[in-house]
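Below is one structure; the comments refer to it alone.
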Amino acid sequence: MERQISRKEKKNIQKRNYLIILFTLTFVLFALFFKVIQLSMTKSVAAEETIISSEIYPGLNLKTTTQETDTFTLFISQPYIKDEKMNNQIEAFINQEKQNFITEYEDAESMLKKNGFRGHLNIQTSTEKIADKIYNIELETYKTVGGANGTTTVQPILMDLNTNELLKINDLFELDEASVAEIKNLVFEEAENNPDVSDLIFEDLFNEAMSNPDEWKVLIHPESVTFFFDEYEIAAGAAGVIQLKIPMEKIIYYFNSAFAEKVNLEIPKKEVKLSPDGKYIALTFDDGPHAEVTPRVLETLEQHGAKATFYMLGSQVEYYPDIAKQVFDEGHELGDHTMSHKDLTHLSADQIKNEIETSSHQIEHATGNLPKSLRPPYGAFNDTVGAISNDLGLPVIMWSVDSLDWKSRNAEAINQKVMATVHPGAIVLLHDIHATTADALPQLLTNLEREGYEFVTVSQLLEFGELEGIGPHHGINQ
Ligand code: NI
């Protein structure tokens, strides 16, 4: 007879089954729990963030982030500002560095674990105040995913808390093709004079790194401008991160004037160092300023980084003081061409003096500066004109190359005439009142540059007064 299972026994069996299920479930849960803990230990122990407000740099705080897992350590210090836009820009950079590190780290993870190496990402911030609320920030990133081969990169940031902007290269410098090339030369010169760098630098890499100003990495100091290059960017790895400091007196001429004012730097007028064997010529423009032609002439000169001398008529300056001022502000030299363009040799001593002085006053009134030399109208000169001019402190400047621009009124003819007669030390006569002269100028400057000529002002040229071929001129410097 089959044994009947009592109700009680049935209940006990059910109870035992429940216990087994419960026990198994608990075990699985525990196992899962420990796995999760273990995973989180290796992958992502929560990062710790601290924000330190600074008393030395008002408005500029420091945020530090630390994170330690069983295979890597993260230490990041970064500037933290109330302005969201600026903060996001900095954050984007930091995140990029983190991402790069994590990618490298994941690639090397198994090797790291096997050898017991730890990965490190360390970003340090150094701050320097350069003017009121304008800061140099240097972010130095060191990263290693194990072993000795860590890499260091530097990201300089210029921060203006007056306007809440990260300053870009065009905020700092006034750049055109010529100035970019000149700054590049300055930096290269510095690299060649730096014994730690000179033997290791690769010129093609350097040229590439400097070819796009938007990617220049610079910081401005009161006495210098530092250009930064990452490891391997322009030189063999042994050179490490390269910092090239360009002395302020060499680079200040390229500063944006608004920025210079902000950081209390005064941009001096550029002094060209003339070498006795250089091919220098002085371009001179008479009879202006002219409302349309003079600005066109100035634009072409600017494009070529050329300086010239403008013999202005007082009567024209009176009408166009702003253009006269612009000529001076753009670094050109002022000359006196008398008040009303009369033949001085037909005037009395008093009239001559009056013609020159009135014009000089007009020029001074418009530009804040006195002219440095006199060109008598028509080149008409005699001993009286020479003596008076000498008394007034103005050397009399003639010309050695006549473009005949007033006669030909033809760009091609002007070019041919000048190129056929030009010589080192030449003073070239042109007029900034004929549109055809402005038309001729771009090609003329290109042609002269091709022949190796450099453009200087009359005063600069007169420094070589003792050399042959300068002039002609009369008076003080002769
Ligand atoms: Ni004239």
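Going through the structure tokens in order, the chains are called A, B, and so on, while each chain numbers its residues from 1 and the ligands are numbered from 1 in the order shown.
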So which residues are near ligand 1, meaning at most 8 Å away with only C-alpha atoms and all ligand atoms counted, given back as a list in words? Asp286, Asp287, His337, His341, Pro376, Pro377, Tyr378 and His431 of chain A
Could you write out, as a PyMOL selection string, all the residues of stretch 88-238 of chain A that DSSP marks as strand (DSSP E or B)? chain A and resi 119-131+134-144+151-160+165-166+173+201+218-220+224-229+235
Can you tell me how far atom CA of A:Glu189 sits from atom CA of A:Leu445, in Å to one decimal?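 Here the two named atoms are 26.8 Å from each other.
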Using atom CA of A:Glu233 and atom CA of A:Ile102 as the two end points, give the distance in Å to one decimal. 22.0 Å
Shortest interatomic distance to A:Gln326 - which of A:Pro295, A:Pro195, A:Gly314, A:Gly305, counting only C-alpha atoms: A:Pro295
Could you check which of A:Thr437, A:Pro222, A:Ile251, A:Lys245 is closest to A:Leu298, using only C-alpha atoms?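 Result for the nearest residue to A:Leu298: A:Thr437.
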Among stretch 15-178 of chain A, which residues does DSSP mark as alpha helix (DSSP H) when it is run on the backbone? Keep the chain and numbering as in the structure and answer as a ChimeraX atom specification. /A:15-43,84-115,169-172,177-178
Store the residues picked out above in a file with C-alpha atoms, as a PDB file, in the first residue's frame.
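result.pdb, written as the output of this step:
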ATOM      1  CA  LYS A  15       9.218  24.989   3.486  1.00  0.00           C
ATOM      2  CA  ARG A  16      12.538  23.291   2.648  1.00  0.00           C
ATOM      3  CA  ASN A  17      12.138  24.170  -1.038  1.00  0.00           C
ATOM      4  CA  TYR A  18      11.522  27.812  -0.143  1.00  0.00           C
ATOM      5  CA  LEU A  19      14.640  27.855   2.009  1.00  0.00           C
ATOM      6  CA  ILE A  20      16.745  26.425  -0.798  1.00  0.00           C
ATOM      7  CA  ILE A  21      15.421  29.051  -3.216  1.00  0.00           C
ATOM      8  CA  LEU A  22      15.938  31.820  -0.697  1.00  0.00           C
ATOM      9  CA  PHE A  23      19.465  30.663   0.042  1.00  0.00           C
ATOM     10  CA  THR A  24      20.336  30.461  -3.647  1.00  0.00           C
ATOM     11  CA  LEU A  25      18.881  33.870  -4.334  1.00  0.00           C
ATOM     12  CA  THR A  26      20.787  35.379  -1.424  1.00  0.00           C
ATOM     13  CA  PHE A  27      23.970  33.785  -2.660  1.00  0.00           C
ATOM     14  CA  VAL A  28      23.436  35.104  -6.199  1.00  0.00           C
ATOM     15  CA  LEU A  29      22.668  38.573  -4.876  1.00  0.00           C
ATOM     16  CA  PHE A  30      25.771  38.571  -2.711  1.00  0.00           C
ATOM     17  CA  ALA A  31      27.871  37.382  -5.611  1.00  0.00           C
ATOM     18  CA  LEU A  32      26.444  40.112  -7.831  1.00  0.00           C
ATOM     19  CA  PHE A  33      26.971  42.687  -5.141  1.00  0.00           C
ATOM     20  CA  PHE A  34      30.623  41.774  -4.735  1.00  0.00           C
ATOM     21  CA  LYS A  35      31.153  41.729  -8.479  1.00  0.00           C
ATOM     22  CA  VAL A  36      29.707  45.224  -8.722  1.00  0.00           C
ATOM     23  CA  ILE A  37      31.920  46.415  -5.885  1.00  0.00           C
ATOM     24  CA  GLN A  38      34.919  44.830  -7.514  1.00  0.00           C
ATOM     25  CA  LEU A  39      34.123  46.410 -10.876  1.00  0.00           C
ATOM     26  CA  SER A  40      33.608  49.806  -9.382  1.00  0.00           C
ATOM     27  CA  MET A  41      36.889  49.501  -7.483  1.00  0.00           C
ATOM     28  CA  THR A  42      38.808  48.985 -10.702  1.00  0.00           C
ATOM     29  CA  LYS A  43      36.882  51.344 -12.932  1.00  0.00           C
ATOM     30  CA  GLU A  84      30.063  79.981 -17.805  1.00  0.00           C
ATOM     31  CA  LYS A  85      31.382  80.486 -21.317  1.00  0.00           C
ATOM     32  CA  MET A  86      35.001  80.721 -20.174  1.00  0.00           C
ATOM     33  CA  ASN A  87      34.578  77.794 -17.829  1.00  0.00           C
ATOM     34  CA  ASN A  88      33.182  75.649 -20.597  1.00  0.00           C
ATOM     35  CA  GLN A  89      36.140  76.479 -22.823  1.00  0.00           C
ATOM     36  CA  ILE A  90      38.560  75.382 -20.113  1.00  0.00           C
ATOM     37  CA  GLU A  91      36.458  72.357 -19.247  1.00  0.00           C
ATOM     38  CA  ALA A  92      36.472  71.303 -22.902  1.00  0.00           C
ATOM     39  CA  PHE A  93      40.248  71.340 -22.917  1.00  0.00           C
ATOM     40  CA  ILE A  94      40.473  69.344 -19.670  1.00  0.00           C
ATOM     41  CA  ASN A  95      37.954  66.791 -20.929  1.00  0.00           C
ATOM     42  CA  GLN A  96      39.942  66.347 -24.112  1.00  0.00           C
ATOM     43  CA  GLU A  97      43.068  65.614 -22.082  1.00  0.00           C
ATOM     44  CA  LYS A  98      41.122  63.164 -19.900  1.00  0.00           C
ATOM     45  CA  GLN A  99      39.696  61.441 -22.943  1.00  0.00           C
ATOM     46  CA  ASN A 100      43.153  61.108 -24.505  1.00  0.00           C
ATOM     47  CA  PHE A 101      44.451  59.635 -21.279  1.00  0.00           C
ATOM     48  CA  ILE A 102      41.604  57.147 -20.894  1.00  0.00           C
ATOM     49  CA  THR A 103      41.996  55.973 -24.496  1.00  0.00           C
ATOM     50  CA  GLU A 104      45.721  55.410 -23.997  1.00  0.00           C
ATOM     51  CA  TYR A 105      45.073  53.810 -20.647  1.00  0.00           C
ATOM     52  CA  GLU A 106      42.525  51.359 -21.994  1.00  0.00           C
ATOM     53  CA  ASP A 107      44.875  50.341 -24.789  1.00  0.00           C
ATOM     54  CA  ALA A 108      47.535  49.510 -22.216  1.00  0.00           C
ATOM     55  CA  GLU A 109      45.291  48.172 -19.454  1.00  0.00           C
ATOM     56  CA  SER A 110      46.248  44.492 -19.610  1.00  0.00           C
ATOM     57  CA  MET A 111      49.939  45.342 -19.721  1.00  0.00           C
ATOM     58  CA  LEU A 112      49.501  47.713 -16.800  1.00  0.00           C
ATOM     59  CA  LYS A 113      47.856  45.060 -14.687  1.00  0.00           C
ATOM     60  CA  LYS A 114      50.420  42.417 -15.557  1.00  0.00           C
ATOM     61  CA  ASN A 115      53.387  44.615 -14.646  1.00  0.00           C
ATOM     62  CA  ILE A 169      46.342  85.383 -30.980  1.00  0.00           C
ATOM     63  CA  ASN A 170      44.696  88.156 -33.010  1.00  0.00           C
ATOM     64  CA  ASP A 171      43.748  89.925 -29.792  1.00  0.00           C
ATOM     65  CA  LEU A 172      47.438  90.047 -28.907  1.00  0.00           C
ATOM     66  CA  GLU A 177      51.823  88.068 -43.835  1.00  0.00           C
ATOM     67  CA  ALA A 178      54.927  90.160 -43.277  1.00  0.00           C
TER      68      ALA A 178
END
Selected residue, from A:Ala349, A:Ile52, A:Val297, A:Ile414, that lies nearest to A:Ile433 when counting only C-alpha atoms: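 Of the candidates, the smallest distance to A:Ile433 is held by A:Val297.
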